[in-house]
Each structure stands twice: as structure tokens, then as C-alpha cells.
$ cat data_25.cif   # mmCIF, C-alpha atoms
data_run
#
loop_
_atom_site.label_atom_id
_atom_site.label_comp_id
_atom_site.auth_asym_id
_atom_site.auth_seq_id
_atom_site.Cartn_x
_atom_site.Cartn_y
_atom_site.Cartn_z
CA MET A 207 0.00 0.00 0.00
CA GLU A 208 1.40 3.30 -1.03
CA CYS A 209 1.86 5.89 1.68
CA VAL A 210 0.44 9.27 0.93
CA HIS A 211 2.31 12.22 2.38
CA VAL A 212 0.17 15.16 3.07
CA SER A 213 1.91 18.52 3.30
CA VAL A 214 0.75 20.49 6.31
CA PRO A 215 1.56 24.19 6.35
CA ALA A 216 3.83 25.18 9.18
CA THR A 217 2.03 26.99 11.95
CA ASN A 218 3.42 29.31 14.54
CA THR A 219 3.22 27.57 17.88
CA GLN A 220 3.61 30.84 19.75
CA PRO A 221 0.19 32.13 20.83
CA LYS A 222 -0.59 35.59 19.60
CA PRO A 223 -1.10 38.14 22.30
CA VAL A 224 -4.71 38.94 22.88
CA ARG A 225 -5.28 42.64 22.59
CA PRO A 226 -7.80 43.96 25.06
CA ALA A 227 -10.86 45.52 23.55
CA THR A 228 -10.53 48.56 25.73
CA ARG A 229 -7.80 50.12 27.76
CA LEU A 230 -8.05 52.44 30.66
CA LEU A 231 -6.25 55.69 30.21
CA LYS A 232 -3.21 55.53 32.48
CA VAL A 233 -2.41 58.90 33.95
CA PRO A 234 1.22 59.12 35.17
CA PHE A 235 1.62 59.58 38.89
CA TRP A 236 3.31 62.96 38.50
CA ALA A 237 0.33 64.15 36.44
CA GLN A 238 -2.08 62.90 39.12
CA ILE A 239 -0.16 64.90 41.75
CA LEU A 240 -0.14 67.97 39.50
CA LEU A 241 -3.89 67.68 38.98
CA GLY A 242 -4.32 67.37 42.75
CA LEU A 243 -2.24 70.52 43.28
CA VAL A 244 -4.27 72.52 40.78
CA LEU A 245 -7.60 71.27 42.13
CA GLY A 246 -6.48 71.94 45.71
CA VAL A 247 -5.52 75.53 44.87
CA VAL A 248 -8.87 76.12 43.13
CA LEU A 249 -10.96 74.58 45.92
CA GLY A 250 -8.92 76.35 48.61
CA TRP A 251 -9.40 79.68 46.86
CA ILE A 252 -13.15 79.08 46.57
CA ALA A 253 -13.40 78.12 50.26
CA ARG A 254 -11.54 81.27 51.31
CA GLU A 255 -12.98 83.76 48.80
CA PHE A 256 -16.63 82.76 49.27
CA ASP A 257 -16.35 81.61 52.91
CA VAL A 258 -17.53 78.07 52.14
CA SER A 259 -17.11 76.49 55.57
CA TRP A 260 -18.24 73.00 54.58
CA LEU A 261 -15.67 72.92 51.78
CA LEU A 262 -12.87 73.92 54.15
CA THR A 263 -13.99 71.22 56.61
CA THR A 264 -14.00 68.64 53.83
CA LEU A 265 -10.51 69.64 52.69
CA GLU A 266 -9.25 69.46 56.28
CA LYS A 267 -10.73 65.97 56.70
CA VAL A 268 -9.29 64.70 53.41
CA GLY A 269 -5.80 66.07 54.12
CA GLY A 270 -5.92 64.99 57.76
CA ILE A 271 -6.94 61.43 56.92
CA PHE A 272 -4.14 61.13 54.37
CA ILE A 273 -1.47 62.36 56.81
CA GLY A 274 -2.99 60.23 59.57
CA LEU A 275 -2.72 57.12 57.39
CA LEU A 276 0.91 57.94 56.60
CA LYS A 277 1.75 58.43 60.27
CA LEU A 278 -0.14 55.31 61.34
CA ALA A 279 2.62 53.04 60.09
CA VAL A 280 5.56 55.35 60.85
CA GLY A 281 6.54 53.84 64.23
CA PRO A 282 6.63 50.13 63.29
CA LEU A 283 7.87 50.96 59.78
CA VAL A 284 10.92 52.82 61.09
CA PHE A 285 11.66 50.14 63.69
CA PHE A 286 11.57 47.17 61.33
CA ALA A 287 13.19 49.08 58.46
CA ILE A 288 16.20 50.05 60.60
CA LEU A 289 16.44 46.59 62.20
CA VAL A 290 16.30 44.77 58.86
CA SER A 291 18.61 47.28 57.15
CA ILE A 292 21.32 46.80 59.77
CA THR A 293 21.15 43.02 59.51
CA ASN A 294 21.12 43.24 55.70
CA LEU A 295 24.54 44.86 55.78
CA ARG A 296 26.04 41.45 56.48
CA LYS A 297 25.07 40.50 52.93
CA VAL A 298 27.09 43.37 51.48
CA ASN A 299 30.84 43.35 50.96
CA ASN A 300 32.66 46.12 52.83
CA ALA A 301 29.54 46.92 54.87
CA ALA A 302 31.44 49.05 57.39
CA ARG A 303 33.03 51.01 54.56
CA LEU A 304 29.64 51.61 52.91
CA ALA A 305 28.08 52.74 56.19
CA SER A 306 30.93 55.16 56.95
CA ARG A 307 30.93 56.57 53.41
CA THR A 308 27.17 57.06 53.61
CA LEU A 309 27.48 59.01 56.86
CA LEU A 310 30.37 61.03 55.42
CA TRP A 311 28.35 62.11 52.37
CA PHE A 312 25.37 62.90 54.58
CA MET A 313 27.61 65.33 56.45
CA ILE A 314 29.25 66.79 53.32
CA THR A 315 25.97 67.53 51.58
CA SER A 316 24.48 68.98 54.78
CA LEU A 317 27.50 71.28 55.15
CA ILE A 318 27.10 72.49 51.56
CA ALA A 319 23.36 73.06 52.10
CA VAL A 320 23.81 75.06 55.31
CA ALA A 321 26.52 77.18 53.66
CA ILE A 322 24.09 78.04 50.87
CA GLY A 323 21.39 78.88 53.42
CA LEU A 324 23.72 81.18 55.34
CA PHE A 325 24.88 82.92 52.16
CA ILE A 326 21.32 83.57 50.97
CA GLY A 327 20.25 84.80 54.41
CA LEU A 328 23.20 87.19 54.70
CA VAL A 329 22.66 88.60 51.22
CA THR A 330 18.88 89.11 51.42
CA ASN A 331 18.33 90.01 55.12
CA PRO A 332 14.97 88.17 55.33
CA GLY A 333 13.93 89.70 58.67
CA SER A 334 14.40 93.35 57.79
CA GLY A 335 11.47 95.41 56.53
CA THR A 336 8.83 92.80 57.39
CA GLY A 337 6.97 94.93 59.92
CA LEU A 338 7.04 92.01 62.36
CA THR A 339 8.10 92.57 65.96
CA ALA A 340 9.01 90.40 68.92
CA ALA A 341 5.44 90.77 70.19
CA ASP A 342 4.16 88.87 67.16
CA GLY A 343 5.99 85.74 68.29
CA GLY A 344 5.24 83.21 70.99
CA GLU A 345 6.86 80.38 72.89
CA PRO A 346 6.69 77.11 70.91
CA LYS A 347 4.95 74.12 72.47
CA VAL A 348 7.74 71.80 71.30
CA THR A 349 11.34 72.79 71.93
CA GLY A 350 14.70 71.17 71.58
CA SER A 351 18.00 71.56 73.38
CA TRP A 352 21.22 69.56 73.37
CA ILE A 353 20.34 68.07 76.76
CA ASP A 354 16.88 67.10 75.56
CA PHE A 355 18.37 65.75 72.34
CA LEU A 356 20.96 63.57 74.09
CA THR A 357 18.76 62.37 76.95
CA GLY A 358 15.77 61.92 74.64
CA ILE A 359 17.51 59.26 72.57
CA VAL A 360 17.13 56.56 75.22
CA PRO A 361 13.46 55.62 75.92
CA THR A 362 12.16 54.86 79.40
CA ASP A 363 9.97 52.03 78.07
CA VAL A 364 9.32 50.26 74.76
CA ILE A 365 5.72 51.40 74.31
CA THR A 366 5.79 55.20 74.71
CA PRO A 367 8.05 55.91 71.69
CA PHE A 368 5.45 54.26 69.44
CA THR A 369 2.39 55.88 71.04
CA GLU A 370 3.99 59.35 71.11
CA LEU A 371 5.78 58.76 67.78
CA ASN A 372 9.25 59.61 69.08
CA VAL A 373 11.12 58.49 65.97
CA LEU A 374 14.57 59.13 67.43
CA GLN A 375 13.94 56.69 70.29
CA ILE A 376 12.48 54.16 67.85
CA VAL A 377 15.65 54.39 65.76
CA PHE A 378 17.74 53.83 68.89
CA MET A 379 15.80 50.69 69.87
CA ALA A 380 15.90 49.36 66.31
CA ALA A 381 19.65 49.93 66.06
CA VAL A 382 20.26 48.11 69.35
CA ALA A 383 18.04 45.21 68.26
CA GLY A 384 19.74 45.02 64.85
CA ILE A 385 23.26 44.96 66.32
CA ALA A 386 22.17 42.36 68.89
CA ALA A 387 20.74 40.19 66.08
CA LEU A 388 24.04 40.39 64.22
CA LYS A 389 25.88 39.25 67.33
CA LEU A 390 23.51 36.31 67.86
CA GLY A 391 24.01 35.06 64.31
CA ASP A 392 21.88 32.09 63.22
CA ARG A 393 19.99 32.00 66.51
CA ALA A 394 18.34 35.31 65.58
CA GLN A 395 17.19 34.07 62.17
CA PRO A 396 13.55 33.39 63.24
CA ILE A 397 13.26 36.95 64.53
CA LEU A 398 14.84 38.32 61.35
CA SER A 399 12.50 36.32 59.13
CA LEU A 400 9.51 37.62 61.08
CA SER A 401 10.85 41.20 60.91
CA GLU A 402 11.31 40.99 57.14
CA ALA A 403 7.77 39.67 56.72
CA VAL A 404 6.30 42.42 58.92
CA LEU A 405 8.30 45.04 57.02
CA GLU A 406 6.95 43.80 53.69
CA LEU A 407 3.42 43.85 55.11
CA LEU A 408 3.83 47.44 56.32
CA GLN A 409 5.33 48.55 53.02
CA LYS A 410 2.49 47.02 51.05
CA ALA A 411 -0.13 48.64 53.27
CA LEU A 412 1.65 51.99 53.09
CA TRP A 413 1.89 51.63 49.33
CA TRP A 414 -1.89 51.67 49.14
CA VAL A 415 -1.82 54.92 51.11
CA ILE A 416 0.75 56.38 48.72
CA ARG A 417 -1.57 55.65 45.82
CA LEU A 418 -4.03 58.03 47.52
CA ALA A 419 -1.50 60.88 47.42
CA PRO A 420 -3.27 62.79 44.60
CA VAL A 421 -6.46 62.88 46.70
CA GLY A 422 -4.52 63.85 49.82
CA THR A 423 -2.83 66.61 47.82
CA VAL A 424 -6.19 68.23 47.11
CA GLY A 425 -6.95 68.43 50.83
CA LEU A 426 -3.50 69.52 52.02
CA ILE A 427 -2.96 72.25 49.43
CA GLY A 428 -6.59 73.35 49.65
CA VAL A 429 -6.35 73.86 53.42
CA ALA A 430 -3.09 75.82 53.06
CA ILE A 431 -4.66 78.19 50.53
CA ALA A 432 -7.98 78.50 52.39
CA THR A 433 -6.33 79.08 55.77
CA TYR A 434 -3.45 81.37 54.87
CA GLY A 435 -4.38 82.71 51.45
CA TRP A 436 -1.88 84.95 49.73
CA ASP A 437 -1.87 87.73 52.33
CA LEU A 438 0.48 85.82 54.61
CA ILE A 439 3.12 85.64 51.89
CA GLY A 440 3.48 89.42 52.01
CA ASP A 441 5.13 89.68 55.44
CA TYR A 442 7.24 86.59 54.81
CA ALA A 443 7.92 87.13 51.11
CA VAL A 444 11.70 87.37 51.37
CA PHE A 445 11.97 84.57 53.92
CA THR A 446 9.76 82.24 51.87
CA ALA A 447 11.62 83.07 48.67
CA ASP A 448 14.95 82.48 50.43
CA VAL A 449 13.95 79.00 51.59
CA TYR A 450 12.62 78.02 48.17
CA ILE A 451 15.62 79.46 46.32
CA GLY A 452 18.04 77.75 48.70
CA CYS A 453 16.31 74.40 48.33
CA LEU A 454 16.07 74.75 44.55
CA ILE A 455 19.79 75.59 44.32
CA VAL A 456 20.61 72.43 46.28
CA LEU A 457 18.09 70.34 44.33
CA PHE A 458 18.98 71.47 40.82
CA GLY A 459 22.46 72.88 41.31
CA VAL A 460 24.41 71.04 43.99
CA TYR A 461 22.91 67.58 43.51
CA PRO A 462 23.37 67.50 39.70
CA ALA A 463 26.96 68.75 40.13
CA LEU A 464 27.71 65.95 42.61
CA LEU A 465 26.15 63.37 40.30
CA ALA A 466 28.15 64.59 37.32
CA LEU A 467 31.48 65.21 39.06
CA VAL A 468 31.51 62.61 41.85
CA ALA A 469 29.32 59.76 40.58
CA LYS A 470 30.13 60.42 36.89
CA VAL A 471 26.51 59.83 35.84
CA ASN A 472 23.89 61.84 33.99
CA PRO A 473 21.83 63.88 36.51
CA ILE A 474 18.78 63.83 34.23
CA HIS A 475 18.38 60.08 34.76
CA PHE A 476 18.47 60.62 38.53
CA PHE A 477 15.63 63.11 38.52
CA LYS A 478 13.65 60.99 36.08
CA GLY A 479 13.86 58.02 38.44
CA ALA A 480 13.58 59.89 41.76
CA TRP A 481 10.88 62.38 40.76
CA PRO A 482 7.88 60.37 42.07
CA ALA A 483 9.40 60.29 45.57
CA ILE A 484 10.35 63.98 45.42
CA GLN A 485 6.84 65.08 44.46
CA LEU A 486 5.19 62.84 47.08
CA ALA A 487 7.48 64.36 49.69
CA PHE A 488 6.45 67.84 48.51
CA VAL A 489 2.76 67.24 49.18
CA SER A 490 2.98 64.88 52.18
CA ARG A 491 5.70 66.84 54.04
CA SER A 492 6.95 63.59 55.60
CA SER A 493 10.29 61.94 54.83
CA VAL A 494 9.36 58.82 56.76
CA GLY A 495 5.97 58.57 55.09
CA THR A 496 7.71 58.76 51.71
CA MET A 497 10.39 56.23 52.71
CA PRO A 498 8.97 53.12 50.94
CA LEU A 499 8.75 55.03 47.67
CA THR A 500 12.20 56.58 48.22
CA GLN A 501 13.69 53.12 48.69
CA ARG A 502 11.91 51.85 45.60
CA VAL A 503 13.19 54.61 43.33
CA THR A 504 16.68 54.30 44.81
CA GLU A 505 16.77 50.61 43.91
CA ARG A 506 15.47 51.43 40.44
CA LEU A 507 18.35 53.86 40.04
CA GLY A 508 20.72 50.91 40.25
CA VAL A 509 21.62 50.93 43.95
CA PRO A 510 21.90 47.34 45.29
CA LYS A 511 18.83 46.40 47.30
CA GLU A 512 20.82 45.29 50.36
CA TYR A 513 22.60 48.63 50.55
CA ALA A 514 19.51 50.71 49.70
CA SER A 515 17.55 48.99 52.48
CA PHE A 516 20.13 50.38 54.91
CA ALA A 517 20.91 53.79 53.43
CA VAL A 518 17.35 54.99 52.73
CA PRO A 519 15.81 54.28 56.19
CA PHE A 520 18.95 55.70 57.78
CA GLY A 521 18.64 58.80 55.62
CA ALA A 522 14.90 59.17 56.20
CA THR A 523 15.58 59.71 59.91
CA THR A 524 18.85 61.67 59.77
CA LYS A 525 19.41 63.19 56.30
CA MET A 526 17.61 66.57 56.22
CA ASP A 527 19.24 69.11 53.91
CA GLY A 528 16.02 71.13 53.73
CA CYS A 529 14.71 70.96 57.30
CA ALA A 530 18.02 70.74 59.16
CA ALA A 531 20.40 72.82 57.03
CA ILE A 532 18.91 75.42 54.68
CA TYR A 533 15.84 76.27 56.76
CA PRO A 534 17.42 76.74 60.24
CA ALA A 535 20.25 78.79 58.73
CA ILE A 536 17.88 81.27 57.07
CA ALA A 537 15.44 81.15 60.00
CA ALA A 538 18.18 81.95 62.54
CA ILE A 539 19.19 85.03 60.56
CA PHE A 540 15.51 86.00 60.23
CA VAL A 541 14.88 85.72 63.99
CA ALA A 542 18.11 87.53 64.84
CA GLU A 543 17.09 90.49 62.65
CA ILE A 544 13.58 90.65 64.14
CA PHE A 545 14.97 90.69 67.70
CA LYS A 546 17.86 93.04 66.80
CA VAL A 547 20.60 90.53 67.66
CA ASP A 548 23.91 90.74 65.82
CA LEU A 549 25.30 87.35 64.85
CA THR A 550 29.06 86.80 64.72
CA ILE A 551 31.20 84.46 62.66
CA ALA A 552 31.27 82.11 65.64
CA ASP A 553 27.46 82.02 65.57
CA TYR A 554 27.44 81.12 61.89
CA LEU A 555 29.89 78.30 62.57
CA LEU A 556 27.59 77.10 65.35
CA ILE A 557 24.66 77.04 62.92
CA ALA A 558 26.73 74.88 60.56
CA PHE A 559 27.73 72.58 63.42
CA VAL A 560 24.14 72.12 64.60
CA SER A 561 22.97 71.44 61.05
CA VAL A 562 25.55 68.73 60.42
CA VAL A 563 25.48 67.05 63.84
CA GLY A 564 21.96 67.64 65.11
CA SER A 565 19.90 66.82 62.02
CA ALA A 566 18.70 63.56 63.59
CA ALA A 567 16.56 65.68 65.93
CA THR A 568 14.11 66.28 63.08
CA ALA A 569 13.54 62.49 62.87
CA GLY A 570 11.76 62.62 59.53
CA LEU A 571 8.49 63.99 60.87
CA THR A 572 6.38 66.74 59.41
CA GLY A 573 7.83 70.10 60.35
CA ALA A 574 11.25 71.23 61.60
CA THR A 575 10.30 73.02 64.82
CA VAL A 576 12.54 70.86 66.99
CA MET A 577 15.55 71.53 64.77
CA LEU A 578 14.87 75.26 64.73
CA THR A 579 14.51 75.46 68.52
CA LEU A 580 17.74 73.46 68.87
CA THR A 581 19.50 76.00 66.65
CA LEU A 582 18.03 79.04 68.41
CA SER A 583 18.82 77.69 71.88
CA THR A 584 22.41 76.98 70.83
CA LEU A 585 22.77 80.57 69.59
CA GLY A 586 20.97 82.02 72.62
CA LEU A 587 18.22 83.56 70.47
CA PRO A 588 14.69 84.05 71.89
CA MET A 589 12.39 81.06 71.47
CA GLU A 590 9.54 83.44 70.66
CA GLY A 591 11.10 83.61 67.21
CA VAL A 592 9.74 80.15 66.48
CA GLY A 593 6.21 81.48 66.88
CA LEU A 594 6.88 84.02 64.14
CA LEU A 595 7.54 81.24 61.64
CA LEU A 596 4.80 78.77 62.54
CA ALA A 597 2.23 80.45 60.29
CA ILE A 598 4.39 80.16 57.19
CA ASP A 599 5.73 76.70 58.10
CA PRO A 600 3.31 74.58 56.00
CA ILE A 601 4.22 76.52 52.87
CA VAL A 602 8.01 76.26 53.23
CA ASP A 603 7.83 72.73 54.61
CA MET A 604 6.82 71.34 51.23
CA ILE A 605 10.03 72.34 49.46
CA ARG A 606 12.11 71.47 52.54
CA THR A 607 10.83 67.89 52.59
CA ALA A 608 11.23 67.49 48.83
CA THR A 609 14.88 68.50 49.23
CA ASN A 610 15.29 66.09 52.13
CA VAL A 611 14.01 63.12 50.13
CA ALA A 612 16.06 63.99 47.05
CA GLY A 613 19.17 63.97 49.22
CA GLN A 614 18.17 60.65 50.78
CA ALA A 615 18.10 59.09 47.30
CA LEU A 616 21.17 60.96 46.09
CA VAL A 617 23.71 59.79 48.65
CA PRO A 618 23.21 56.02 48.03
CA VAL A 619 23.71 56.69 44.30
CA LEU A 620 26.90 58.65 45.00
CA VAL A 621 28.31 56.00 47.32
CA SER A 622 27.34 53.12 45.02
CA ALA A 623 28.97 54.83 42.04
CA ARG A 624 32.15 55.55 43.99
CA GLU A 625 32.31 51.97 45.28
CA LYS A 626 31.59 50.61 41.76
CA ILE A 627 28.46 48.70 42.80
CA LEU A 628 25.98 50.91 40.93
CA ASP A 629 24.07 49.19 38.12
CA HIS A 630 24.57 51.78 35.37
CA ASP A 631 22.13 50.07 32.99
CA ALA A 632 19.35 50.27 35.57
CA TYR A 633 20.30 53.89 36.33
CA THR A 634 19.97 55.01 32.73
CA LYS A 635 16.68 53.12 32.27
CA ALA A 636 15.04 54.19 35.55
CA SER A 637 11.29 54.50 35.13
CA ALA A 638 9.66 57.85 35.69
CA SER A 639 6.59 56.25 37.33
CA PRO A 640 7.63 53.45 39.70
CA ILE A 641 4.45 54.08 41.67
CA ASP A 642 2.77 51.60 39.30
CA GLU A 643 4.49 48.70 41.11
CA ASP A 644 4.49 48.17 44.83
CA PRO A 645 7.83 47.54 46.60
CA SER A 646 6.76 44.21 48.05
CA SER A 647 6.72 42.54 44.64
CA SER A 648 9.82 40.42 44.89
CA ASP A 649 9.51 39.26 41.31
CA ALA A 650 9.40 42.75 39.90
CA PRO A 651 12.55 43.52 37.92
CA ALA A 652 14.73 46.46 38.76
CA ASP A 653 13.32 48.43 35.87
CA ARG A 654 10.20 47.52 34.00
CA THR A 655 7.67 49.52 32.10
CA PRO A 656 4.32 48.62 33.62
CA ALA A 657 1.71 47.17 31.34
CA PRO A 658 -1.31 49.32 30.59
CA ALA A 659 -4.30 48.81 32.81
CA VAL A 660 -7.04 46.63 31.32
CA ALA A 661 -10.69 47.42 31.80
#

$ encode --input "data_25.cif" --output "C-alpha cells"
Amino acid sequence: MECVHVSVPATNTQPKPVRPATRLLKVPFWAQILLGLVLGVVLGWIAREFDVSWLLTTLEKVGGIFIGLLKLAVGPLVFFAILVSITNLRKVNNAARLASRTLLWFMITSLIAVAIGLFIGLVTNPGSGTGLTAADGGEPKVTGSWIDFLTGIVPTDVITPFTELNVLQIVFMAAVAGIAALKLGDRAQPILSLSEAVLELLQKALWWVIRLAPVGTVGLIGVAIATYGWDLIGDYAVFTADVYIGCLIVLFGVYPALLALVAKVNPIHFFKGAWPAIQLAFVSRSSVGTMPLTQRVTERLGVPKEYASFAVPFGATTKMDGCAAIYPAIAAIFVAEIFKVDLTIADYLLIAFVSVVGSAATAGLTGATVMLTLTLSTLGLPMEGVGLLLAIDPIVDMIRTATNVAGQALVPVLVSAREKILDHDAYTKASASPIDEDPSSSDAPADRTPAPAVA
């Protein structure tokens, strides 16, 4: 019997991708924040101009809930992040060298920032011609001194730091626990595994909160406009401009120069990758609340995960170029001019010293009142000066925190590049919208363009 061969056309065994019938329009995270800013300004203006009390109340509730959700996880997040980051250093070669270089660059960049703040303050004289007097000030409810700073590090119990959100004491306990775990070795592995799992849980929960940032922006900006309006800017015009100019010089002058000259990388790629964290910091005014996103963008910029998990939490509680360097330098000059106190060269050196050494006093929380009172008390300036600046604080705090977070992402990139552990391919391909992936996704690559949402 003759066999009949039938020719079968070759078929492609690879399944063709199914194209969705419809796609949801994906709005980039930066655009969502921008829309929130614009809407907040409009609603805040309406609430103030037409005295719409219910609108102001709604904006206050929306902004307050967003900040409350951010702060809810701050205590345990800082504790487990610091604990895990310290133990993760054992996985990194030359861990002690990396830690010391990180601290060194924290200090160098803070010194540069405070020098810029002092220069701007001396040139512009922010306190002269404002019409403000000592009677307009008041004693702050929260103060800081070197004694309080040093004695306040060690908690009296393990519960109060979490209930009162004393981040500095939480950092101390986490550091002690992390070092103790390193000393115990394998016997501490169950605790470390639990800590890593809890940290991932907290990060995932906080990531959901971060996704609400555009909504929170509407409330926060709206309240600022409705409460203070534009009249307040008049008396503090020079001071506000000084803080913004100083922060912008550091953000877009000093940081790009360090990236180009020290790290030998293109600064544009840094801002492309770090921008989501910078803009979230601007609206949330919380370095610690932004920390999960800061760590995510830092890893996407090519910094090894083990090192980033140490450097970013460490920076979120101690690295404050905006709040602890530029702002107190300009504020000290402002207060001195209001109270007719002449500052000497020794005083300016003291401001620089406090900014470099005492920045941990800010502890990554919203506002820099503690740091300012620490600076004023060191210089012997009246504490009533703090009361003069409380009204304008929400407005300047936005740019301060954005500068803080940018510096917290910058230093790990600098150190990684200098130590030749930076992934340059990941750095140049860093996504502009890493918000589309949550940091707990262990299978997510270092840099991936998220797929469009499907209806």
C-alpha cells in the first residue's frame, strides 16, 4: 500500500497576544499629583474667597486622613526598616566602609546646604522690613536643646516611643536590636524572618496609602490656601523666597553637580527616576511617610537592594538638607534680625555645626520646629522667634521635605557609584513612574515599564 504524504503548512506555535478591547487611560503619577495641586488651589481659593465652611472642613478631613494614614505606620515601619537594614549589611561586601561613606556624604551635603542657606540669608536680610516685631511671636509648644536631644535618645519604656511617635527613640531601639541580632548570628534568624515579613506587610499597606496621594494633595494644598491665602506671603515674602531658592539651588544645582562630578553619571536620569518620591514628599511633608517610595526609586536607580535597604531608612531619619540645614540657617538670621541681635562668625559656625550634627533631631516627621529650637537655643536667640515662623511653616515645609528626600536618594547613588556597585544600565533606564508597582513585589525587575491597565 502506497503511503500518501500530506503537506501540512507550518504553523506558529507561539500564541498571539490577545489585545484587550478597551484600555483604561493611564495617567502618570506625576500628572495625578499635578492635577491634585491645581484642584487643591482652586478649591482652597473658593473656600476662602466665598467663605464656604463645609468645603474647608472637607478639605481638612481629606488632608488629615491622608497624613494620619501615613503616620499610622511610621513607628513600626521605622523600627523594622532600621532593624532589617542593619542586619542586611552582612550581605554586602565592605559593609562598614559603605556605612561610613554614607554618613560622610550625609555630612558633606548637609554642610554644603547650610553654607548656601547662610549665604542667601546674609545677602537678602529676610527679617528686615517685614513689619514684624518680637510681640508677634510666641513660645513654641515643642522645643529642643542639646540636653533634651541627648537624653531623649534613650526611651524609658518600649511602648511610649510608638504611642507618642518619638522616631529618634524608635531608631535607637531598632539599632540596638539590629546589632544584637548580628551578634547572635543564626539563633536570631527566626526573629529576622519575622521582621522581614512584617516590614513587607507594612510597606504594602503603606503603598496603598501612597496611591491616595493625589487625593490627599487636594486636601493639604486646599487647606493651606484656604487658611493662609496669599496675604500671609506678604510679610514673609523674602523669607519664603529664600527657603525656596536655597532648596532649589541644592536640588537642581548642587545635587546635579555631585552626580556629574563625583558619581560620573547623567543627573537627568536621577531626577527621572527619583521624581515620584520627590513630588510625594512635597505634598505629604513627611520623609518617613515617603520612605517606601524613596527606597523603591533608589533601587530602580541601580543601587543594590541590600545597601539601599540600609541607606534609605537611615537617611529618612537623619538626612535633612532642607529641614536641618537650609531652613534653620535662614530662619536663625531672620529671627536675629527681628529681635535686633547681631550674629558673629562664631554664631554662623555654630549654625553649621548644629545642622551637620543635630539633624537627627528632626527624625523625619512633618515640620522642623525641633531643629529650629535646637539651633536658636544653641545661639541664645529668643524662642519666641519660632512662633513668628509657625504660620508660614506649611508653605516652606513642602520644598524642605522634597529637598530632604532627594538627598536621601542621592547619597546612596553617589556611594554606590564611587564603590563601583551601581548598576549603570538600571540607572539610565530608571522608570519615571515606579508608583505603578508596589515595593513588596519580589519578582518585579529592577526596571520595567508597567503594562497598561485593562478594563

$ residues_around --input "data_25.cif" --residues "Glu402 (chain A)" --least-positions-apart "6" --cutoff "9 Å" --atoms "all atoms listed in the file" --output "compact mmCIF listing (two decimals) with C-alpha atoms, in the frame of the given file"
# COMPACT_ATOMS: atom_id res chain seq x y z
CA PHE A 286 11.57 47.17 61.33
CA ALA A 287 13.19 49.08 58.46
CA VAL A 290 16.30 44.77 58.86

$ axis_aligned_box --input "data_25.cif" --around "region 553-557 of chain A" --padding-each-side "3 Å" --output "JSON"
{"center_x": 27.3, "center_y": 79.5, "center_z": 63.7, "size_x": 11.2, "size_y": 11.0, "size_z": 9.7}

$ resolve_selection --input "data_25.cif" --expression "the PyMOL selection byres ((chain A and resi 538) around 12)" --output "PyMOL selection string"
chain A and resi 320+323-324+327-328+331-333+445+530-537+539-549+553-554+556-558+560-561+577-592+594-595

$ write_last_selection --input "data_25.cif" --atoms "C-alpha atoms" --output "mmCIF file, keeping the file's coordinate frame"
data_model
loop_
_atom_site.group_PDB
_atom_site.id
_atom_site.type_symbol
_atom_site.label_atom_id
_atom_site.label_comp_id
_atom_site.auth_asym_id
_atom_site.auth_seq_id
_atom_site.Cartn_x
_atom_site.Cartn_y
_atom_site.Cartn_z
ATOM 1 C CA VAL A 320 23.810 75.060 55.310
ATOM 2 C CA GLY A 323 21.390 78.880 53.420
ATOM 3 C CA LEU A 324 23.720 81.180 55.340
ATOM 4 C CA GLY A 327 20.250 84.800 54.410
ATOM 5 C CA LEU A 328 23.200 87.190 54.700
ATOM 6 C CA ASN A 331 18.330 90.010 55.120
ATOM 7 C CA PRO A 332 14.970 88.170 55.330
ATOM 8 C CA GLY A 333 13.930 89.700 58.670
ATOM 9 C CA PHE A 445 11.970 84.570 53.920
ATOM 10 C CA ALA A 530 18.020 70.740 59.160
ATOM 11 C CA ALA A 531 20.400 72.820 57.030
ATOM 12 C CA ILE A 532 18.910 75.420 54.680
ATOM 13 C CA TYR A 533 15.840 76.270 56.760
ATOM 14 C CA PRO A 534 17.420 76.740 60.240
ATOM 15 C CA ALA A 535 20.250 78.790 58.730
ATOM 16 C CA ILE A 536 17.880 81.270 57.070
ATOM 17 C CA ALA A 537 15.440 81.150 60.000
ATOM 18 C CA ILE A 539 19.190 85.030 60.560
ATOM 19 C CA PHE A 540 15.510 86.000 60.230
ATOM 20 C CA VAL A 541 14.880 85.720 63.990
ATOM 21 C CA ALA A 542 18.110 87.530 64.840
ATOM 22 C CA GLU A 543 17.090 90.490 62.650
ATOM 23 C CA ILE A 544 13.580 90.650 64.140
ATOM 24 C CA PHE A 545 14.970 90.690 67.700
ATOM 25 C CA LYS A 546 17.860 93.040 66.800
ATOM 26 C CA VAL A 547 20.600 90.530 67.660
ATOM 27 C CA ASP A 548 23.910 90.740 65.820
ATOM 28 C CA LEU A 549 25.300 87.350 64.850
ATOM 29 C CA ASP A 553 27.460 82.020 65.570
ATOM 30 C CA TYR A 554 27.440 81.120 61.890
ATOM 31 C CA LEU A 556 27.590 77.100 65.350
ATOM 32 C CA ILE A 557 24.660 77.040 62.920
ATOM 33 C CA ALA A 558 26.730 74.880 60.560
ATOM 34 C CA VAL A 560 24.140 72.120 64.600
ATOM 35 C CA SER A 561 22.970 71.440 61.050
ATOM 36 C CA MET A 577 15.550 71.530 64.770
ATOM 37 C CA LEU A 578 14.870 75.260 64.730
ATOM 38 C CA THR A 579 14.510 75.460 68.520
ATOM 39 C CA LEU A 580 17.740 73.460 68.870
ATOM 40 C CA THR A 581 19.500 76.000 66.650
ATOM 41 C CA LEU A 582 18.030 79.040 68.410
ATOM 42 C CA SER A 583 18.820 77.690 71.880
ATOM 43 C CA THR A 584 22.410 76.980 70.830
ATOM 44 C CA LEU A 585 22.770 80.570 69.590
ATOM 45 C CA GLY A 586 20.970 82.020 72.620
ATOM 46 C CA LEU A 587 18.220 83.560 70.470
ATOM 47 C CA PRO A 588 14.690 84.050 71.890
ATOM 48 C CA MET A 589 12.390 81.060 71.470
ATOM 49 C CA GLU A 590 9.540 83.440 70.660
ATOM 50 C CA GLY A 591 11.100 83.610 67.210
ATOM 51 C CA VAL A 592 9.740 80.150 66.480
ATOM 52 C CA LEU A 594 6.880 84.020 64.140
ATOM 53 C CA LEU A 595 7.540 81.240 61.640
#

$ residues_around --input "data_25.cif" --residues "region 243-249 of chain A" --least-positions-apart "4" --cutoff "12 Å" --atoms "all atoms listed in the file" --output "PyMOL selection string"
chain A and resi 236-239+253-266+268-269+419-436+485-486+488-490

$ atom_distance --input "data_25.cif" --atom1 "CA of Ile416 (chain A)" --atom2 "CA of Gly495 (chain A)"
8.5 Å

$ residues_around --input "data_25.cif" --residues "Ile292 (chain A)" --least-positions-apart "2" --cutoff "10 Å" --atoms "all atoms listed in the file" --output "JSON, numbers by chain"
{"A": [286, 287, 288, 289, 290, 294, 295, 296, 301, 305, 380, 381, 382, 383, 384, 385, 387, 388, 512, 513, 515, 516, 517, 519, 520]}

$ atom_distance --input "data_25.cif" --atom1 "CA of Glu625 (chain A)" --atom2 "CA of Gln501 (chain A)"
19.0 Å

$ resolve_selection --input "data_25.cif" --expression "the PyMOL selection byres ((chain A and resi 373) around 12)" --output "PyMOL selection string"
chain A and resi 277+279-285+288+358-361+366-372+374-380+493-494+519-520+522-524+566-572

$ resolve_selection --input "data_25.cif" --expression "the PyMOL selection byres ((chain A and resi 482) around 12)" --output "VMD selection string"
chain A and resid 234 to 240 416 to 417 419 to 420 476 to 481 483 to 489 496 to 504 506 608 611 to 612 615 636 to 642
